[in-house]
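Participant: To start, I am sharing the structure in question, which I have written as structure tokens.
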Amino acid sequence: MMKDNRRFLILLRCWWVFALLAGMAVPARAQEVTAESAFADAPFDQWQAEGQREQVPWQVQMLADKLSFHQRLIATIKVQVPGPELLKRNHDERILLLVEVRNGEGVSSRNYGLLELNNLKPEVKRSDVEFSWQAFAVPGQYEVSVALWDKKSGEHNFMRRLFHVDAYKGDPLPGMWRGLDAFEFWSTKRDGPEYMFHSDVEGRLHLPLATKRPVHLEVLLDLTPSAEIFRGNIGHYNRYLSAALPIFKDFSQITMTNGSRGAAVLDLVQRRIPFEQSDGKDLDWPSLSKAFSPDNGPGVVSVKDLQNRKQTPVYLREEIVRRLGSASGTAGKPGERPLHVFVVIASPVELYAFPALPAIETGNEEDCRIYYVQVEFFERRGVAGGTGNVEKMLKPLKMRTFHVQSPDDVRQALAKTLEEVGRF
């Protein structure tokens with residue numbers, strides 16, 4: 001059977017990775033086509049019955065060997081066509097690509113790609129043109145059918161191939177993908193915070209947290225475009241965001257069985273909270289996206305920042321103390337106080353100034369645990385001690401630090417956090 005696209009399938013229109021000199025752009029006409037109309041226009045079922053055919057030179061590759069910071073396996077299906085072959089067809093209007101992925105239960109997902117041949121540049125003769133679909137996939141075996149059709153000439157290619165997505169070896173969270181759709185295709189957008197967050201993907205990680213003691217979990221993301229840390233380099237800031245934003249989403253999918261969960265974004269330099277959500281539901285992307293204002297980047301330095309050359313993360317301490325003293329949290333049994341757990345996702349802080357501060361005194365220091373996830377987004381040479389300074393700043397609160405450079409590091413941090421908090 002086939003899932004209803006309106007309810008189950010996240011449509012992915014193909015995207016192109018061209019040679020630097022090709023200079024091709026996706027035309028507006030391509031956006032008017034849908035997967036449903038593309039398949040309706042082509043005799044795809046007939047080609048399936050006829051079997052393999054190659055009337056146009058091409059290569060098809062399938063890969064699924066990479067874990068993302070979203071803690072999902074990335075499946076990629078690539079089609080390459082020689083540029084000279086396409087240039088010969090520049091009067092044929094367009095080439096249509098179709099892909100169907102069918103899982104072991106017979107559930108299929110369909111997508112398409114479209115190339116307007118009259119847009120080709122002469123430079124394309126020096127390279128292949130690559131069409132690529134990407135999706136989040138769960139381990140298993142799939143049947144993938146790919147077709148290429150030059151409607152004007154009548155020529156077509158068709159291939160059917162088995163595609164195996166291996167399980168994650170040594171998985172510390174083997175139940176994380178329970179209940180997810182087999183394939184969840186990405187949208188066409190390939191940059192910016194929305195792409196980093198993948199608001200188009202509907203599947204949610206299975207991360208239950210069962211505790212005897214009531215727990216209030218708060219996931220805090222440091223979104224500070226620090227002039228000290230990023231030195232005005234938007235590329236460095238985006239590298240940090242491309243990991244930190246999915247990690248924020250990962251930890252915000254933890255499901256509390258005896259407690260509550262909130263999430264917030266902090267700007268440690270401007271001392272503000274651009275986004276906060278306390279209902280324990282999926283992150284509200286329309287609201288969260290407003291935190292990524294064009295005026296809020298590492299290339300924007302305020303007069304106040306210029307006056308205060310030594311930036312400090314003390315606002316993080318102040319926020320944790322404020323939240324510990326607030327009435328938010330989960331009420332337990334009479335006389336039982338909830339455990340307050342913070343997951344802080346932050347950039348390296350070695351270049352911040354750490355003033356000498358007295359120990360924190362809230363009266364409930366023993367009821368707090370902090371898991372500090374530092375995202376190592378660039379090669380580090382001779383810098384150390386930043387997280388040690390954070391630990392001193394937050395004394396006597398108990399803090400555990402994770403230095404994460406890869407999605408595998410994040411998975412281990414998630415597993416260890418759930419294991420340790422689950423003991424309470």
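Ligands are numbered from 1 in the order shown, chains are lettered A, B, ... in the order of the structure tokens, and residues start at 1 in each chain.
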Among segment 200-411 of chain A, which ones does DSSP assign to strand (DSSP E or B) (computed from the backbone)? Answer as a ChimeraX atom specification.
Facilitator: /A:207-209,215-222,254-256,259-267,272-277,339-346,368-375,398-404
Participant: Mind checking which residues fall within 12 Å of Gly325 of chain A, counting only C-alpha atoms, ignoring those fewer than 2 positions away in the same chain, and posting them as a VMD selection string?
Facilitator: chain A and resid 318 to 323 327 to 329 340 360 to 365 367 to 368
Participant: Could you dump the residues just selected with C-alpha atoms as a PDB file, in the first residue's frame?
Facilitator:
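The file below, part13.pdb, is the result:
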```pdb
ATOM      1  CA  GLU A 318      22.068  33.961  37.283  1.00  0.00           C
ATOM      2  CA  GLU A 319      19.436  32.213  35.178  1.00  0.00           C
ATOM      3  CA  ILE A 320      20.037  28.824  36.777  1.00  0.00           C
ATOM      4  CA  VAL A 321      19.808  30.357  40.255  1.00  0.00           C
ATOM      5  CA  ARG A 322      16.622  32.195  39.299  1.00  0.00           C
ATOM      6  CA  ARG A 323      15.041  29.058  37.907  1.00  0.00           C
ATOM      7  CA  ALA A 327       7.925  28.130  41.645  1.00  0.00           C
ATOM      8  CA  SER A 328       8.204  26.252  38.334  1.00  0.00           C
ATOM      9  CA  GLY A 329       8.722  22.556  38.616  1.00  0.00           C
ATOM     10  CA  HIS A 340      15.759  20.128  39.022  1.00  0.00           C
ATOM     11  CA  ILE A 360      25.723  29.636  45.095  1.00  0.00           C
ATOM     12  CA  GLU A 361      23.346  29.465  48.049  1.00  0.00           C
ATOM     13  CA  THR A 362      19.739  28.664  47.253  1.00  0.00           C
ATOM     14  CA  GLY A 363      18.924  26.253  50.056  1.00  0.00           C
ATOM     15  CA  ASN A 364      18.209  23.433  47.584  1.00  0.00           C
ATOM     16  CA  GLU A 365      21.581  22.920  45.923  1.00  0.00           C
ATOM     17  CA  ASP A 367      18.138  19.105  44.415  1.00  0.00           C
ATOM     18  CA  CYS A 368      19.917  20.183  41.229  1.00  0.00           C
TER      19      CYS A 368
END
```
Participant: For a test of reading the model, state the distance in Å between atom CA of Glu93 of chain A and atom CA of Gln46 of chain A, rounded to one decimal.
Facilitator: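 Computed distance, atom CA of Glu93 of chain A to atom CA of Gln46 of chain A, equals 23.0 Å.
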Participant: Fewer than 5 positions away in the same chain doesn't count, so skip those; otherwise give me all residues within 10 Å of Gly140 of chain A, counting only C-alpha atoms, as a list in words.
Facilitator: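 That gives Asn103, Gly104, Phe163, His164, Val165, Asp166, Ala167 and Ala182 of chain A.
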Participant: Restrict the selected residues to N, CA and C atoms and save them as a compact mmCIF listing (two decimals), in the first residue's frame.
Facilitator:
```txt
# COMPACT_ATOMS: atom_id res chain seq x y z
N ASN A 103 9.30 -0.07 1.74
CA ASN A 103 9.88 -0.81 2.86
C ASN A 103 9.38 -2.25 2.87
N GLY A 104 9.82 -3.02 3.85
CA GLY A 104 9.48 -4.44 3.91
C GLY A 104 8.02 -4.72 4.12
N PHE A 163 18.13 -1.82 -1.16
CA PHE A 163 18.90 -0.81 -0.44
C PHE A 163 18.80 -1.15 1.05
N HIS A 164 19.94 -1.47 1.65
CA HIS A 164 19.94 -1.88 3.06
C HIS A 164 20.50 -0.77 3.94
N VAL A 165 19.74 -0.40 4.94
CA VAL A 165 20.19 0.59 5.93
C VAL A 165 20.59 -0.17 7.19
N ASP A 166 21.87 -0.17 7.48
CA ASP A 166 22.39 -0.94 8.61
C ASP A 166 21.98 -0.32 9.94
N ALA A 167 21.88 -1.17 10.94
CA ALA A 167 21.60 -0.71 12.30
C ALA A 167 22.82 0.04 12.84
N ALA A 182 9.54 4.79 8.07
CA ALA A 182 10.77 4.23 7.51
C ALA A 182 11.63 5.30 6.83
```
Participant: Can you tell me which residues surround Val60 of chain A at a distance of at most 9 Å, considering only C-alpha atoms, apart from same-chain residues fewer than 4 positions away, and format the answer as a ChimeraX atom specification?
Facilitator: /A:77-80,146,159
Participant: Using only C-alpha atoms, can you tell me which of A:Asp92, A:Glu123, A:Asp171, A:Asp284 comes closest to Gln412 of chain A?
Facilitator: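 Distance minimum relative to Gln412 of chain A lands on A:Asp171.
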Participant: Do you know which residues are at most 10 Å from Ala264 of chain A counting only C-alpha atoms, after dropping those on the same chain fewer than 6 positions away, and could you put them as number ranges by chain?
Facilitator: A: 218-223, 248, 252, 273-278, 283, 288, 344
Participant: Could you write those residues out with C-alpha atoms, as a PDB file, in the first residue's frame?
Facilitator:
```pdb
ATOM      1  CA  GLU A 218      15.015  22.344  31.565  1.00  0.00           C
ATOM      2  CA  VAL A 219      16.943  22.315  28.276  1.00  0.00           C
ATOM      3  CA  LEU A 220      18.873  25.559  27.770  1.00  0.00           C
ATOM      4  CA  LEU A 221      20.547  26.540  24.492  1.00  0.00           C
ATOM      5  CA  ASP A 222      23.278  29.167  24.431  1.00  0.00           C
ATOM      6  CA  LEU A 223      22.551  31.110  21.252  1.00  0.00           C
ATOM      7  CA  PHE A 248      18.632  21.236  21.553  1.00  0.00           C
ATOM      8  CA  SER A 252      13.779  18.538  24.129  1.00  0.00           C
ATOM      9  CA  ILE A 273      15.850  35.038  26.673  1.00  0.00           C
ATOM     10  CA  PRO A 274      14.839  35.113  22.981  1.00  0.00           C
ATOM     11  CA  PHE A 275      12.673  31.992  23.315  1.00  0.00           C
ATOM     12  CA  GLU A 276      11.082  30.002  26.139  1.00  0.00           C
ATOM     13  CA  GLN A 277       8.567  27.163  26.244  1.00  0.00           C
ATOM     14  CA  SER A 278       7.359  25.435  29.391  1.00  0.00           C
ATOM     15  CA  LEU A 283       9.437  22.798  20.270  1.00  0.00           C
ATOM     16  CA  LEU A 288      11.845  29.622  18.121  1.00  0.00           C
ATOM     17  CA  VAL A 344      22.926  23.303  28.953  1.00  0.00           C
TER      18      VAL A 344
END
```
Participant: I'd like the neighbourhood of Leu316 of chain A as a list of chain:residue names, where a residue qualifies if any of its atoms comes within 9 Å (using only C-alpha atoms), though same-chain residues fewer than 6 positions away should be ignored.
Facilitator: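 Everything that qualifies: A:Asp222, A:Leu266, A:Asp267, A:Leu268, A:Arg271.
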Participant: Store the residues picked out above in a file with N, CA, C and O atoms, as a compact mmCIF listing (two decimals), in the first residue's frame.
Facilitator:
```txt
# COMPACT_ATOMS: atom_id res chain seq x y z
N ASP A 222 22.52 27.91 24.52
CA ASP A 222 23.28 29.17 24.43
C ASP A 222 23.34 29.58 22.96
O ASP A 222 24.02 28.95 22.16
N LEU A 266 19.12 31.20 25.46
CA LEU A 266 19.74 32.28 26.21
C LEU A 266 20.74 33.04 25.34
O LEU A 266 21.45 32.43 24.53
N ASP A 267 20.80 34.34 25.53
CA ASP A 267 21.87 35.18 24.98
C ASP A 267 22.64 35.70 26.18
O ASP A 267 22.17 36.58 26.90
N LEU A 268 23.83 35.13 26.42
CA LEU A 268 24.56 35.41 27.65
C LEU A 268 25.16 36.82 27.67
O LEU A 268 25.36 37.38 28.75
N ARG A 271 22.11 39.29 27.78
CA ARG A 271 21.37 38.98 29.00
C ARG A 271 19.86 38.97 28.74
O ARG A 271 19.09 39.67 29.38
```
Participant: Give me, as a PyMOL selection string, all polymer residues having an atom no more than 8 Å from Gln71 of chain A, counting only C-alpha atoms and skipping those fewer than 6 positions away in the same chain.
Facilitator: chain A and resi 250+407+411
Participant: Give me a file of those residues, with N, CA, C and O atoms, as an mmCIF file, in the first residue's frame.
Facilitator:
```
data_model
loop_
_atom_site.group_PDB
_atom_site.id
_atom_site.type_symbol
_atom_site.label_atom_id
_atom_site.label_comp_id
_atom_site.auth_asym_id
_atom_site.auth_seq_id
_atom_site.Cartn_x
_atom_site.Cartn_y
_atom_site.Cartn_z
ATOM 1 N N ASP A 250 16.994 17.397 20.159
ATOM 2 C CA ASP A 250 17.104 16.025 20.667
ATOM 3 C C ASP A 250 16.710 15.957 22.141
ATOM 4 O O ASP A 250 15.839 15.166 22.535
ATOM 5 N N PRO A 407 27.889 13.399 16.046
ATOM 6 C CA PRO A 407 26.589 12.853 16.447
ATOM 7 C C PRO A 407 26.726 11.652 17.382
ATOM 8 O O PRO A 407 25.874 11.456 18.259
ATOM 9 N N ARG A 411 24.916 11.084 21.048
ATOM 10 C CA ARG A 411 24.109 9.914 21.410
ATOM 11 C C ARG A 411 24.568 9.344 22.752
ATOM 12 O O ARG A 411 23.752 8.954 23.594
#
```
Participant: Using only C-alpha atoms, which of the listed residues (A:Asn118, A:Thr224, A:Thr312, A:Thr211) sits closest to Pro355 of chain A?
Facilitator: A:Thr312
Participant: Let's see if you can do this: from backbone DSSP, list all helix (DSSP H, G or I) residues in segment 7-182 of chain A, as a PyMOL selection string.
Facilitator: chain A and resi 28-32+35-41+44-50+83-87+117-119+122-126
Participant: Could the residues in this selection be written to a file with N, CA, C and O atoms, as a compact mmCIF listing (two decimals), in the first residue's frame?
Facilitator:
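What follows is the written file again12.txt:
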```
# COMPACT_ATOMS: atom_id res chain seq x y z
N ALA A 28 11.44 28.45 -11.80
CA ALA A 28 10.15 28.56 -11.12
C ALA A 28 9.18 27.48 -11.58
O ALA A 28 8.35 27.01 -10.83
N ARG A 29 9.31 27.05 -12.89
CA ARG A 29 8.38 26.05 -13.42
C ARG A 29 8.46 24.76 -12.63
O ARG A 29 7.46 24.08 -12.43
N ALA A 30 9.68 24.40 -12.14
CA ALA A 30 9.85 23.14 -11.42
C ALA A 30 9.02 23.12 -10.15
O ALA A 30 8.57 22.07 -9.72
N GLN A 31 8.81 24.28 -9.56
CA GLN A 31 8.09 24.33 -8.30
C GLN A 31 6.60 24.08 -8.48
O GLN A 31 5.89 23.87 -7.51
N GLU A 32 6.11 24.15 -9.74
CA GLU A 32 4.69 23.96 -9.98
C GLU A 32 4.32 22.48 -10.05
O GLU A 32 3.16 22.13 -9.99
N ALA A 35 4.82 15.68 -6.69
CA ALA A 35 5.16 14.27 -6.86
C ALA A 35 4.00 13.51 -7.49
O ALA A 35 4.18 12.66 -8.37
N GLU A 36 2.79 13.83 -7.05
CA GLU A 36 1.61 13.14 -7.57
C GLU A 36 1.45 13.40 -9.07
O GLU A 36 1.21 12.47 -9.85
N SER A 37 1.60 14.66 -9.49
CA SER A 37 1.42 14.98 -10.91
C SER A 37 2.57 14.42 -11.75
O SER A 37 2.36 14.01 -12.91
N ALA A 38 3.77 14.41 -11.20
CA ALA A 38 4.91 13.88 -11.94
C ALA A 38 4.73 12.39 -12.23
O ALA A 38 4.98 11.92 -13.35
N PHE A 39 4.28 11.63 -11.24
CA PHE A 39 4.07 10.19 -11.44
C PHE A 39 2.86 9.93 -12.33
O PHE A 39 2.83 8.96 -13.09
N ALA A 40 1.86 10.79 -12.25
CA ALA A 40 0.67 10.62 -13.09
C ALA A 40 1.00 10.85 -14.56
O ALA A 40 0.39 10.24 -15.45
N ASP A 41 1.98 11.72 -14.81
CA ASP A 41 2.34 12.04 -16.19
C ASP A 41 3.20 10.97 -16.84
O ASP A 41 3.24 10.84 -18.07
N PHE A 44 5.10 5.07 -15.12
CA PHE A 44 6.03 4.48 -14.17
C PHE A 44 5.70 3.00 -13.92
O PHE A 44 6.59 2.15 -13.88
N ASP A 45 4.42 2.69 -13.75
CA ASP A 45 4.03 1.30 -13.49
C ASP A 45 4.38 0.39 -14.66
O ASP A 45 4.79 -0.76 -14.47
N GLN A 46 4.25 0.91 -15.86
CA GLN A 46 4.62 0.13 -17.05
C GLN A 46 6.12 -0.14 -17.06
O GLN A 46 6.56 -1.26 -17.37
N TRP A 47 6.91 0.88 -16.72
CA TRP A 47 8.36 0.68 -16.68
C TRP A 47 8.75 -0.35 -15.62
O TRP A 47 9.66 -1.14 -15.82
N GLN A 48 8.04 -0.33 -14.50
CA GLN A 48 8.31 -1.34 -13.47
C GLN A 48 8.08 -2.74 -14.00
O GLN A 48 8.87 -3.66 -13.73
N ALA A 49 7.01 -2.91 -14.75
CA ALA A 49 6.69 -4.23 -15.31
C ALA A 49 7.72 -4.66 -16.35
O ALA A 49 8.05 -5.84 -16.48
N GLU A 50 8.25 -3.70 -17.11
CA GLU A 50 9.21 -4.02 -18.17
C GLU A 50 10.61 -4.30 -17.61
O GLU A 50 11.40 -5.01 -18.24
N GLY A 83 27.39 15.64 -18.11
CA GLY A 83 27.00 16.94 -18.64
C GLY A 83 26.90 16.98 -20.15
O GLY A 83 25.92 17.53 -20.70
N PRO A 84 27.88 16.41 -20.89
CA PRO A 84 27.78 16.43 -22.35
C PRO A 84 26.51 15.76 -22.88
O PRO A 84 25.94 16.18 -23.88
N GLU A 85 26.06 14.70 -22.19
CA GLU A 85 24.84 14.01 -22.60
C GLU A 85 23.64 14.94 -22.49
O GLU A 85 22.75 14.95 -23.36
N LEU A 86 23.59 15.74 -21.43
CA LEU A 86 22.49 16.67 -21.26
C LEU A 86 22.56 17.81 -22.26
O LEU A 86 21.52 18.28 -22.75
N LEU A 87 23.77 18.27 -22.56
CA LEU A 87 23.91 19.36 -23.54
C LEU A 87 23.38 18.94 -24.90
O LEU A 87 22.83 19.75 -25.65
N LEU A 117 16.23 21.67 -19.34
CA LEU A 117 17.43 21.56 -20.16
C LEU A 117 17.81 22.87 -20.84
O LEU A 117 18.97 23.08 -21.19
N ASN A 118 16.84 23.76 -21.04
CA ASN A 118 17.19 25.03 -21.69
C ASN A 118 17.93 25.96 -20.75
O ASN A 118 18.31 27.06 -21.13
N ASN A 119 18.12 25.54 -19.50
CA ASN A 119 18.88 26.34 -18.54
C ASN A 119 20.35 25.96 -18.50
O ASN A 119 21.12 26.57 -17.77
N PRO A 122 27.14 26.17 -21.01
CA PRO A 122 28.16 25.40 -21.75
C PRO A 122 29.18 24.72 -20.85
O PRO A 122 29.70 23.66 -21.19
N GLU A 123 29.44 25.32 -19.70
CA GLU A 123 30.46 24.77 -18.81
C GLU A 123 30.10 23.39 -18.28
O GLU A 123 30.95 22.66 -17.76
N VAL A 124 28.81 23.00 -18.38
CA VAL A 124 28.38 21.73 -17.82
C VAL A 124 29.02 20.55 -18.56
O VAL A 124 29.04 19.43 -18.05
N LYS A 125 29.56 20.80 -19.75
CA LYS A 125 30.21 19.72 -20.49
C LYS A 125 31.45 19.19 -19.78
O LYS A 125 31.93 18.11 -20.09
N ARG A 126 31.94 19.95 -18.81
CA ARG A 126 33.15 19.54 -18.10
C ARG A 126 32.86 18.68 -16.87
O ARG A 126 33.78 18.28 -16.16
```
Participant: Just how far from atom CA of Arg161 of chain A is atom CA of Tyr142 of chain A, in Å to one decimal?
Facilitator: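 Atom-to-atom, atom CA of Tyr142 of chain A and atom CA of Arg161 of chain A are spaced 8.4 Å apart.
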Participant: Could you jot down the atom CA of Phe131 of chain A to atom CA of Ser289 of chain A separation for me, Å, one decimal place?
Facilitator: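 Taking atom CA of Phe131 of chain A and atom CA of Ser289 of chain A, their separation equals 29.2 Å.
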Participant: Taking only C-alpha atoms into account, name the residue in A:Val201, A:Leu418, A:Val349, A:Val138 that is nearest to Gly388 of chain A.
Facilitator: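 Among the listed residues, A:Val349 lies closest to Gly388 of chain A.
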Participant: Hey, which of A:Ile74, A:Val341, A:Val269, A:Ala413 ends up closest to Pro214 of chain A? Count only C-alpha atoms.
Facilitator: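 Selected residue with least distance to Pro214 of chain A: A:Val341.
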Participant: Counting only C-alpha atoms, which of A:Ser127, A:Ser347, A:Gln405, A:Asn258 gets nearest to Thr387 of chain A?
Facilitator: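 Residue with the minimum atom-to-atom distance to Thr387 of chain A: A:Ser347.
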